[in-house]
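So this one's data_7.csv, CSV, C-alpha atoms:
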chain,number,residue,atom,x,y,z
A,455,MET,CA,-94.4,22.3,-284.2
A,456,TYR,CA,-92.1,23.5,-281.4
A,457,ALA,CA,-89.5,21.7,-279.3
A,458,ARG,CA,-88.0,23.0,-276.0
A,459,SER,CA,-84.5,24.2,-276.5
A,460,SER,CA,-81.6,25.0,-274.2
A,461,LYS,CA,-80.6,28.7,-273.6
A,462,LEU,CA,-78.7,30.3,-276.5
A,463,ARG,CA,-75.7,32.4,-275.7
A,464,TYR,CA,-76.5,36.1,-275.8
A,465,VAL,CA,-74.5,38.8,-277.5
A,466,THR,CA,-73.7,42.3,-276.4
A,467,LEU,CA,-73.1,45.7,-278.0
A,468,VAL,CA,-69.6,46.2,-276.5
A,469,ALA,CA,-67.5,44.8,-279.3
A,470,VAL,CA,-69.6,46.5,-282.0
A,471,VAL,CA,-69.6,49.9,-280.3
A,472,ALA,CA,-65.9,49.7,-279.8
A,473,LEU,CA,-65.4,48.8,-283.5
A,474,PHE,CA,-67.4,51.8,-284.6
A,475,VAL,CA,-65.7,54.2,-282.2
A,476,THR,CA,-62.3,53.0,-283.7
A,477,ALA,CA,-63.6,53.1,-287.3
A,478,CYS,CA,-65.1,56.6,-286.9
A,479,SER,CA,-61.9,58.0,-285.4
A,480,GLY,CA,-59.9,56.8,-288.4
A,481,ASP,CA,-62.4,57.7,-291.1
A,482,GLU,CA,-60.8,60.2,-293.5
A,483,SER,CA,-64.2,61.4,-294.6
A,484,GLY,CA,-64.9,62.6,-291.1
A,485,ASP,CA,-61.6,64.5,-290.5
A,486,ASP,CA,-63.3,67.9,-291.1
A,487,THR,CA,-66.4,67.2,-289.1
A,488,THR,CA,-66.9,69.4,-286.1
A,489,THR,CA,-68.0,67.3,-283.2
A,490,THR,CA,-70.4,68.9,-280.8
A,491,THR,CA,-71.1,67.4,-277.3
A,492,VAL,CA,-74.6,68.1,-276.1
A,493,ASP,CA,-76.9,67.0,-273.3
A,494,ALA,CA,-77.3,63.2,-273.5
A,495,THR,CA,-80.7,63.2,-271.8
A,496,PRO,CA,-83.3,62.1,-274.3
A,497,ALA,CA,-85.9,64.7,-275.2
A,498,THR,CA,-89.3,64.0,-273.5
A,499,GLU,CA,-91.3,66.3,-275.7
A,500,ALA,CA,-90.8,67.1,-279.4
A,501,PRO,CA,-89.9,70.8,-280.1
A,502,GLU,CA,-92.2,72.8,-282.2
A,503,GLN,CA,-91.8,72.4,-286.0
A,504,THR,CA,-89.1,74.6,-287.5
A,505,THR,CA,-90.1,76.5,-290.6
A,506,THR,CA,-86.8,78.0,-291.6
A,507,THR,CA,-85.5,77.2,-295.1
A,508,GLN,CA,-82.0,78.7,-294.8
A,509,ALA,CA,-79.0,76.5,-295.3
A,510,PRO,CA,-77.3,75.0,-292.2
A,511,ALA,CA,-74.9,77.3,-290.5
A,512,THR,CA,-71.3,76.4,-291.1
A,513,THR,CA,-68.0,77.3,-289.6
A,514,ILE,CA,-64.6,77.5,-291.4
A,515,GLY,CA,-63.5,74.0,-292.2
A,516,ALA,CA,-66.9,72.4,-291.5
A,517,PRO,CA,-68.2,70.1,-294.2
A,518,THR,CA,-71.4,70.8,-296.2
A,519,GLU,CA,-71.6,67.1,-297.0
A,520,ILE,CA,-70.5,63.9,-295.2
A,521,ASP,CA,-69.9,60.3,-296.2
A,522,VAL,CA,-71.7,57.8,-293.9
A,523,THR,CA,-72.4,54.1,-294.0
A,524,THR,CA,-75.7,52.5,-293.0
A,525,TYR,CA,-76.4,48.8,-292.7
A,526,TYR,CA,-78.9,48.4,-295.5
A,527,GLY,CA,-78.1,51.4,-297.6
A,528,GLY,CA,-74.4,51.1,-297.7
A,529,ASP,CA,-72.2,54.1,-298.4
A,530,ASP,CA,-73.9,57.5,-299.0
A,531,THR,CA,-73.0,61.1,-299.3
A,532,VAL,CA,-75.6,63.3,-297.6
A,533,PRO,CA,-75.8,66.9,-296.3
A,534,TYR,CA,-74.1,67.6,-293.1
A,535,ASP,CA,-76.2,68.9,-290.2
A,536,PRO,CA,-79.5,69.2,-292.3
A,537,LEU,CA,-82.1,71.5,-291.0
A,538,ARG,CA,-85.2,70.2,-292.8
A,539,VAL,CA,-85.6,66.4,-292.6
A,540,VAL,CA,-88.5,64.2,-293.8
A,541,VAL,CA,-88.7,61.0,-291.8
A,542,LEU,CA,-90.5,58.0,-293.2
A,543,ASP,CA,-90.0,55.5,-290.3
A,544,TYR,CA,-91.0,55.8,-286.6
A,545,ALA,CA,-87.8,54.1,-285.3
A,546,ILE,CA,-85.8,56.9,-287.0
A,547,LEU,CA,-88.2,59.5,-285.6
A,548,ASP,CA,-87.7,58.0,-282.2
A,549,THR,CA,-83.9,58.3,-282.4
A,550,LEU,CA,-84.0,61.9,-283.7
A,551,ASP,CA,-86.3,62.8,-280.8
A,552,ALA,CA,-84.2,61.0,-278.2
A,553,LEU,CA,-81.1,62.9,-279.5
A,554,GLY,CA,-82.8,66.3,-279.3
A,555,LEU,CA,-83.1,66.7,-283.1
A,556,GLY,CA,-86.9,66.7,-283.3
A,557,ASP,CA,-86.9,70.4,-284.5
A,558,ARG,CA,-85.3,69.2,-287.7
A,559,VAL,CA,-88.3,67.0,-288.6
A,560,VAL,CA,-90.7,68.7,-291.0
A,561,GLY,CA,-92.7,65.8,-292.3
A,562,ILE,CA,-93.7,62.3,-291.2
A,563,PRO,CA,-96.2,59.6,-292.3
A,564,SER,CA,-99.0,60.5,-289.9
A,565,GLY,CA,-101.7,58.9,-292.1
A,566,THR,CA,-101.2,55.8,-289.9
A,567,THR,CA,-101.1,55.5,-286.2
A,568,VAL,CA,-98.3,57.6,-284.7
A,569,PRO,CA,-96.9,56.0,-281.6
A,570,PRO,CA,-98.4,57.8,-278.6
A,571,TYR,CA,-95.0,58.7,-277.2
A,572,LEU,CA,-94.3,60.5,-280.5
A,573,SER,CA,-97.7,62.1,-280.8
A,574,ALA,CA,-96.1,65.6,-280.5
A,575,TYR,CA,-95.0,65.1,-284.1
A,576,SER,CA,-98.5,64.6,-285.4
A,577,ASP,CA,-98.7,68.3,-286.3
A,578,ARG,CA,-95.8,67.9,-288.8
A,579,GLU,CA,-96.8,67.7,-292.5
A,580,ASN,CA,-98.5,64.4,-293.2
A,581,VAL,CA,-96.6,62.8,-296.1
A,582,GLY,CA,-98.7,59.6,-296.3
A,583,ASN,CA,-98.5,56.3,-294.4
A,584,LEU,CA,-95.8,53.8,-293.6
A,585,PHE,CA,-96.1,52.1,-297.0
A,586,GLU,CA,-97.3,54.8,-299.5
A,587,PHE,CA,-96.2,58.4,-299.6
A,588,ASP,CA,-97.4,61.7,-301.0
A,589,LEU,CA,-94.5,62.7,-303.2
A,590,GLU,CA,-96.0,66.2,-303.9
A,591,ALA,CA,-96.3,66.9,-300.2
A,592,ILE,CA,-92.7,65.8,-299.6
A,593,ASN,CA,-91.4,67.9,-302.5
A,594,ALA,CA,-93.3,70.9,-301.3
A,595,LEU,CA,-91.4,70.7,-297.9
A,596,GLU,CA,-88.1,71.3,-299.7
A,597,PRO,CA,-86.2,68.9,-297.4
A,598,ASP,CA,-82.5,68.8,-297.1
A,599,LEU,CA,-82.6,65.1,-296.4
A,600,ILE,CA,-85.2,62.3,-296.6
A,601,ILE,CA,-84.7,59.3,-294.3
A,602,VAL,CA,-86.3,56.0,-295.3
A,603,GLY,CA,-86.3,52.7,-293.4
A,604,GLY,CA,-88.2,49.7,-292.1
A,605,ARG,CA,-91.5,49.5,-294.1
A,606,SER,CA,-90.2,52.2,-296.5
A,607,TYR,CA,-86.8,50.5,-297.0
A,608,ASP,CA,-87.4,50.2,-300.8
A,609,LYS,CA,-88.3,53.9,-301.4
A,610,GLU,CA,-84.7,55.3,-301.3
A,611,GLU,CA,-84.3,55.6,-305.0
A,612,GLU,CA,-87.7,57.2,-305.5
A,613,MET,CA,-87.0,59.7,-302.8
A,614,GLU,CA,-83.6,60.6,-304.3
A,615,GLU,CA,-85.5,62.2,-307.2
A,616,ILE,CA,-86.7,64.8,-304.6
A,617,ALA,CA,-83.8,65.3,-302.3
A,618,PRO,CA,-80.8,63.4,-300.9
A,619,ALA,CA,-82.0,60.2,-299.2
A,620,LEU,CA,-80.6,57.9,-296.6
A,621,ASN,CA,-81.7,54.3,-295.9
A,622,ILE,CA,-81.7,53.5,-292.2
A,623,THR,CA,-83.3,50.0,-291.9
A,624,TYR,CA,-82.8,47.8,-288.8
A,625,GLU,CA,-82.5,44.1,-289.6
A,626,TRP,CA,-84.1,41.3,-287.6
A,627,GLY,CA,-82.2,38.6,-285.8
A,628,SER,CA,-79.8,39.1,-282.9
A,629,GLN,CA,-76.3,39.9,-284.2
A,630,THR,CA,-77.7,41.4,-287.5
A,631,PHE,CA,-79.9,43.7,-285.4
A,632,ILE,CA,-77.1,44.7,-283.1
A,633,ASP,CA,-74.9,45.4,-286.2
A,634,SER,CA,-77.6,47.5,-287.9
A,635,PHE,CA,-78.6,49.3,-284.7
A,636,VAL,CA,-75.0,50.4,-283.9
A,637,MET,CA,-74.1,51.2,-287.5
A,638,ASN,CA,-77.3,53.2,-288.2
A,639,THR,CA,-77.3,55.1,-285.0
A,640,THR,CA,-73.6,56.0,-285.4
A,641,ALA,CA,-74.4,57.3,-288.9
A,642,ILE,CA,-77.1,59.7,-287.4
A,643,GLY,CA,-74.5,61.0,-285.0
A,644,GLN,CA,-72.0,61.6,-287.8
A,645,ILE,CA,-74.6,63.4,-289.9
A,646,PHE,CA,-75.6,65.9,-287.1
A,647,GLY,CA,-72.1,66.2,-285.6
A,648,ILE,CA,-73.1,64.6,-282.3
A,649,GLU,CA,-70.9,61.5,-282.3
A,650,ASP,CA,-70.0,61.7,-278.6
A,651,GLN,CA,-73.7,61.9,-277.6
A,652,VAL,CA,-74.6,58.9,-279.7
A,653,GLN,CA,-71.7,56.8,-278.4
A,654,ALA,CA,-72.8,57.6,-274.8
A,655,ALA,CA,-76.4,56.6,-275.7
A,656,LEU,CA,-75.2,53.3,-277.2
A,657,ALA,CA,-73.0,52.6,-274.2
A,658,ALA,CA,-75.9,53.1,-271.9
A,659,ILE,CA,-78.0,50.7,-273.9
A,660,ASP,CA,-75.2,48.1,-273.8
A,661,ALA,CA,-74.8,48.4,-270.0
A,662,ALA,CA,-78.5,47.9,-269.5
A,663,THR,CA,-78.5,45.0,-271.9
A,664,GLN,CA,-75.7,43.2,-270.0
A,665,ASP,CA,-77.5,43.8,-266.7
A,666,VAL,CA,-80.7,42.2,-267.9
A,667,ALA,CA,-79.0,39.3,-269.6
A,668,ALA,CA,-77.1,38.5,-266.4
A,669,GLN,CA,-80.4,38.4,-264.5
A,670,ALA,CA,-82.2,36.3,-267.1
A,671,ALA,CA,-79.6,33.6,-267.3
A,672,ASP,CA,-81.0,31.5,-264.5
A,673,ASP,CA,-84.6,32.7,-264.6
A,674,GLY,CA,-86.5,29.8,-266.2
A,675,THR,CA,-87.9,30.0,-269.7
A,676,GLY,CA,-89.7,32.7,-271.6
A,677,LEU,CA,-91.7,33.3,-274.7
A,678,VAL,CA,-92.6,36.4,-276.7
A,679,ILE,CA,-96.2,36.2,-278.0
A,680,LEU,CA,-98.4,38.5,-280.0
A,681,THR,CA,-102.2,38.9,-280.2
A,682,SER,CA,-103.9,40.1,-283.4
A,683,GLY,CA,-107.5,39.8,-284.6
A,684,GLY,CA,-108.3,37.5,-281.7
A,685,GLU,CA,-105.5,35.1,-282.6
A,686,VAL,CA,-102.2,34.3,-280.8
A,687,SER,CA,-98.8,33.8,-282.3
A,688,ALA,CA,-95.3,33.2,-280.9
A,689,TYR,CA,-91.8,34.4,-281.6
A,690,GLY,CA,-89.0,31.9,-280.7
A,691,PRO,CA,-85.2,32.3,-281.2
A,692,SER,CA,-84.0,32.5,-284.8
A,693,GLU,CA,-81.2,34.1,-286.6
A,694,GLN,CA,-83.8,35.9,-288.7
A,695,GLY,CA,-86.4,36.2,-286.0
A,696,ARG,CA,-88.2,39.5,-285.4
A,697,PHE,CA,-87.6,39.4,-281.6
A,698,ASP,CA,-84.6,37.1,-281.4
A,699,VAL,CA,-82.9,40.0,-279.5
A,700,VAL,CA,-85.0,39.0,-276.5
A,701,TYR,CA,-83.3,35.6,-276.4
A,702,ASN,CA,-79.9,36.0,-277.9
A,703,VAL,CA,-79.2,39.5,-276.6
A,704,LEU,CA,-81.3,40.0,-273.5
A,705,GLY,CA,-80.6,36.4,-272.4
A,706,VAL,CA,-84.1,35.0,-271.9
A,707,ASN,CA,-84.1,31.2,-272.1
A,708,PRO,CA,-86.4,30.2,-274.9
A,709,ALA,CA,-89.4,28.1,-274.0
A,710,ALA,CA,-89.8,27.0,-277.6
A,711,ASP,CA,-88.0,27.1,-281.0
A,712,GLN,CA,-89.4,29.1,-283.9
A,713,ILE,CA,-89.9,27.2,-287.1
A,714,ALA,CA,-91.6,29.5,-289.6
A,715,ILE,CA,-90.1,33.0,-289.9
A,716,ASP,CA,-93.1,35.3,-290.3
A,717,THR,CA,-93.8,39.0,-289.6
A,718,HIS,CA,-96.5,38.1,-287.1
A,719,GLY,CA,-94.9,34.9,-285.6
A,720,ASP,CA,-96.0,31.3,-285.6
A,721,ALA,CA,-99.7,30.7,-284.9
A,722,ILE,CA,-100.2,28.9,-281.6
A,723,SER,CA,-103.1,27.7,-279.4
A,724,PHE,CA,-103.9,28.1,-275.7
A,725,GLU,CA,-103.1,24.4,-275.4
A,726,PHE,CA,-99.6,25.0,-276.7
A,727,LEU,CA,-99.0,27.7,-274.1
A,728,ALA,CA,-100.3,25.3,-271.4
A,729,ASP,CA,-98.0,22.5,-272.6
A,730,THR,CA,-95.0,24.7,-273.1
A,731,ASN,CA,-95.6,26.4,-269.7
A,732,PRO,CA,-93.2,29.3,-269.9
A,733,ASP,CA,-92.0,31.0,-266.7
A,734,ILE,CA,-92.1,34.4,-268.4
A,735,LEU,CA,-94.6,35.7,-270.9
A,736,ILE,CA,-93.8,38.9,-273.0
A,737,VAL,CA,-97.1,40.0,-274.7
A,738,LEU,CA,-97.6,42.3,-277.6
A,739,ASP,CA,-101.0,43.6,-278.6
A,740,ARG,CA,-100.8,44.4,-282.3
A,741,ASP,CA,-104.4,45.6,-282.6
A,742,ALA,CA,-103.7,48.3,-279.9
A,743,ALA,CA,-100.5,49.4,-281.6
A,744,ILE,CA,-102.2,49.9,-285.1
A,745,GLY,CA,-105.4,51.3,-283.7
A,746,ARG,CA,-107.6,48.4,-284.7
A,747,GLU,CA,-110.7,47.6,-282.7
A,748,GLY,CA,-111.2,44.2,-281.1
A,749,PRO,CA,-110.5,42.4,-277.9
A,750,GLY,CA,-107.3,43.3,-276.1
A,751,ALA,CA,-104.5,40.9,-275.3
A,752,GLN,CA,-105.4,40.6,-271.7
A,753,GLU,CA,-109.0,39.7,-272.6
A,754,ILE,CA,-107.8,37.1,-275.2
A,755,LEU,CA,-105.4,35.5,-272.8
A,756,ASP,CA,-107.7,35.4,-269.8
A,757,ASN,CA,-108.6,31.7,-269.7
A,758,ASP,CA,-107.9,28.6,-267.6
A,759,LEU,CA,-105.2,27.3,-269.9
A,760,VAL,CA,-103.1,30.4,-269.9
A,761,ASN,CA,-103.8,31.3,-266.3
A,762,GLY,CA,-102.4,27.9,-265.3
A,763,THR,CA,-98.9,28.6,-266.7
A,764,SER,CA,-96.0,29.3,-264.4
A,765,ALA,CA,-95.7,32.8,-265.9
A,766,VAL,CA,-99.2,33.8,-264.8
A,767,GLN,CA,-99.1,32.0,-261.5
A,768,ASN,CA,-95.9,33.8,-260.5
A,769,GLY,CA,-96.8,37.2,-261.9
A,770,ASN,CA,-94.2,37.1,-264.6
A,771,VAL,CA,-96.3,38.4,-267.5
A,772,VAL,CA,-95.6,41.8,-269.1
A,773,TYR,CA,-98.0,43.5,-271.5
A,774,VAL,CA,-95.5,45.7,-273.3
A,775,ASP,CA,-95.8,49.0,-275.1
A,776,THR,CA,-96.4,47.4,-278.4
A,777,ALA,CA,-96.0,50.7,-280.4
A,778,LYS,CA,-92.3,50.7,-279.3
A,779,TRP,CA,-91.8,47.0,-280.0
A,780,TYR,CA,-93.8,46.7,-283.2
A,781,LEU,CA,-93.8,50.2,-284.8
A,782,ALA,CA,-90.5,51.8,-283.6
A,783,PHE,CA,-88.2,48.9,-282.8
A,784,GLY,CA,-84.7,50.1,-283.3
A,785,GLY,CA,-85.2,53.6,-282.0
A,786,LEU,CA,-83.2,54.6,-278.9
A,787,THR,CA,-86.2,55.3,-276.7
A,788,ALA,CA,-87.9,52.1,-278.0
A,789,MET,CA,-84.9,50.0,-277.3
A,790,GLN,CA,-84.6,51.2,-273.7
A,791,SER,CA,-88.2,50.4,-273.2
A,792,VAL,CA,-87.7,46.9,-274.6
A,793,ILE,CA,-84.9,46.4,-272.1
A,794,ASP,CA,-86.8,47.8,-269.2
A,795,GLU,CA,-89.9,45.7,-269.9
A,796,VAL,CA,-87.9,42.5,-270.1
A,797,ASP,CA,-86.1,43.5,-266.9
A,798,SER,CA,-89.5,43.8,-265.2
A,799,VAL,CA,-90.1,40.0,-265.5
A,800,VAL,CA,-86.6,38.7,-264.8
A,801,ASP,CA,-85.1,38.5,-261.3

Re-express the file's structure as structure tokens.
Amino acid sequence: MYARSSKLRYVTLVAVVALFVTACSGDESGDDTTTTTVDATPATEAPEQTTTTQAPATTIGAPTEIDVTTYYGGDDTVPYDPLRVVVLDYAILDTLDALGLGDRVVGIPSGTTVPPYLSAYSDRENVGNLFEFDLEAINALEPDLIIVGGRSYDKEEEMEEIAPALNITYEWGSQTFIDSFVMNTTAIGQIFGIEDQVQAALAAIDAATQDVAAQAADDGTGLVILTSGGEVSAYGPSEQGRFDVVYNVLGVNPAADQIAIDTHGDAISFEFLADTNPDILIVLDRDAAIGREGPGAQEILDNDLVNGTSAVQNGNVVYVDTAKWYLAFGGLTAMQSVIDEVDSVVD
């Protein structure tokens, strides 16, 4: 099913970030936008929910609307600096939190498992789950803006009937993910007038990415695997792969190719892991992320075949924060966590 492959060349954010900095500076639609530089330190705790319904404060010459472009949604005109935002995707919630905009969030889909690091937002109005939403609850919140994305990518038109909506969906693959990550995060900066803060955050992510990729270049082979319902699956490199970024951005040499492109990877056996013998194992526990009972990843993988791999023998196994990798992949905080956890198993 798999064949060992040579290391694929990784890509970085530098060119894409530079492209967007240039494009934004020459965008006529942003000429009247007032840029505000704020503290770039990500928020560690979400502020309490704001209840104000007044229109955003404006200054002379400041726009009330702004034109932005997102990777999946294309060109949109949305309110500038909205005060009341309904967020239907955890990656977007992550980014708003990291940028200090959590006080704008008035509703989230808390009918499913909210990532623990975003649990402070569980007290916001529950508007459903990640796939089905309570339209009456959303309408009652009188939002200035509704942001869809990820699992709710196809809900933009439906949400437009309630309030202006924006589609911020992050694509899989390596270059497509980088393109969507930079474009979508840049759009958020434009909407809230914090372009400088966003560009600084993207630059920090890029620098960390390059550092890890340089370390991983000569560090053996690695494999991303996921446990779910007692079964194990693997993600190899692929232009459409869910975690291709690990190989073609963070520079981990793939221990195996991926054949089938599936949300939960390709099913594998313990014998496959023993035969492939990766030097690095990056492990996601899906059941833990979605709150489903069952044996954990460490219990499932604790057997002679897996324990005999180079990864286990050399202590190069990381059980990642799956909520960030699986539920909020693409958020600023989640992306830094992905980079840091890969960094922990490369020299």

Between A:Gly784, A:Gly603, A:Pro691, A:Gly748, which residue has the minimum interatomic distance to Val706 (chain A), considering only C-alpha atoms?
A:Pro691

Hey, can you check how far CA of Leu755 (chain A) sits from CA of Thr566 (chain A)?
26.9 Å

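Using all atoms listed in the file, the contacts of Tyr607 (chain A) at a cut-off of 9 Å, with sequence neighbours closer than 6 positions omitted, comprise Tyr526, Gly527, Asp543, Asn621, Ile622 and Thr623 of chain A.
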
Identify, on the basis of all atoms listed in the file, every residue whose closest approach to Arg746 (chain A) does not exceed 12 Å; exclude the query and any residue fewer than 4 positions from it along the same chain; express the result as an mmCIF file with C-alpha atoms, in the frame of the given file.
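Contents of the output file selection.cif:
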data_model
loop_
_atom_site.group_PDB
_atom_site.id
_atom_site.type_symbol
_atom_site.label_atom_id
_atom_site.label_comp_id
_atom_site.auth_asym_id
_atom_site.auth_seq_id
_atom_site.Cartn_x
_atom_site.Cartn_y
_atom_site.Cartn_z
ATOM 1 C CA THR A 566 -101.200 55.800 -289.900
ATOM 2 C CA THR A 567 -101.100 55.500 -286.200
ATOM 3 C CA THR A 681 -102.200 38.900 -280.200
ATOM 4 C CA SER A 682 -103.900 40.100 -283.400
ATOM 5 C CA GLY A 683 -107.500 39.800 -284.600
ATOM 6 C CA GLY A 684 -108.300 37.500 -281.700
ATOM 7 C CA ASP A 739 -101.000 43.600 -278.600
ATOM 8 C CA ARG A 740 -100.800 44.400 -282.300
ATOM 9 C CA ASP A 741 -104.400 45.600 -282.600
ATOM 10 C CA ALA A 742 -103.700 48.300 -279.900
ATOM 11 C CA GLY A 750 -107.300 43.300 -276.100
#

Would you give me, as a Markdown table, each residue of region 562-658 of chain A having an atom within 9 Å of an atom of region 553-558 of chain A, along with its shortest atom pair and that distance in Å to one decimal, using all atoms listed in the file and sorting by chain and residue number?
| residue | atom | partner | partner_atom | distance |
| --- | --- | --- | --- | --- |
| A:Tyr575 | CA | A:Gly556 | CA | 8.3 |
| A:Gly643 | CA | A:Leu553 | CA | 8.8 |
| A:Phe646 | CA | A:Leu555 | CA | 8.5 |
| A:Ile648 | CA | A:Leu553 | CA | 8.6 |
| A:Gln651 | CA | A:Leu553 | CA | 7.7 |
| A:Val652 | CA | A:Leu553 | CA | 7.6 |
| A:Ala655 | CA | A:Leu553 | CA | 8.7 |

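Atom to atom, CA of Gly762 (chain A) and CA of Phe697 (chain A) stand 24.8 Å apart.
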
Top pick for closest residue to Val532 (chain A), considering A:Gln752, A:Asn757, A:Gln669, A:Thr518 and counting only C-alpha atoms:
A:Thr518

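Proximity of A:Pro732, A:Gly627, A:Pro749, A:Gly705 to Ser692 (chain A), computed with all atoms listed in the file, is greatest for A:Gly627.
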
Smallest atom-to-atom distance to Ala688 (chain A): which of A:Ala668, A:Val760, A:Leu727, A:Ile520, using only C-alpha atoms?
A:Leu727

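Interatomic distance, CA of Leu735 (chain A) to CA of Val766 (chain A): 7.9 Å.
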
With a distance cut-off of 10 Å and all atoms listed in the file, select the neighbouring residues of Arg578 (chain A), excluding the residue or stretch itself and same-chain residues fewer than 2 positions from it, and output the selection as a PyMOL selection string.
chain A and resi 502-504+540+559-564+574-576+580-581

Find the residues near Arg696 (chain A): any atom within 12 Å, counting only C-alpha atoms, skip ones fewer than 2 places away on the same chain, and give them as a ChimeraX atom specification.
/A:624-631,678-680,688-694,698-702,712,714-720,779-780,783-784

Listed atoms of region 647-653 of chain A boxed axis-aligned with 8 Å per side, centre + edges as JSON:
{"center_x": -72.3, "center_y": 61.5, "center_z": -281.6, "size_x": 20.6, "size_y": 25.4, "size_z": 24.0}

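Considering all atoms listed in the file, the residue among A:Val522, A:Leu759, A:Ala552, A:Ala782 positioned nearest to Leu656 (chain A) is A:Ala552.
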
Find the residues near Glu610 (chain A): any atom within 7 Å, counting only C-alpha atoms, skip ones fewer than 3 places away on the same chain, and give them as a list in words.
Val602, Tyr607, Met613, Glu614, Ala619, Leu620 and Asn621 of chain A

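Residues of protein, DNA and RNA with at least one atom no farther than 10 Å from (-86.1, 59.6, -281.1) are, using all atoms listed in the file, Pro496, Ala497, Thr498, Ala500, Tyr544, Ala545, Ile546, Leu547, Asp548, Thr549, Leu550, Asp551, Ala552, Leu553, Gly554, Leu555, Gly556, Tyr571, Leu572, Ala782, Gly784, Gly785, Leu786, Thr787 and Ala788 of chain A.
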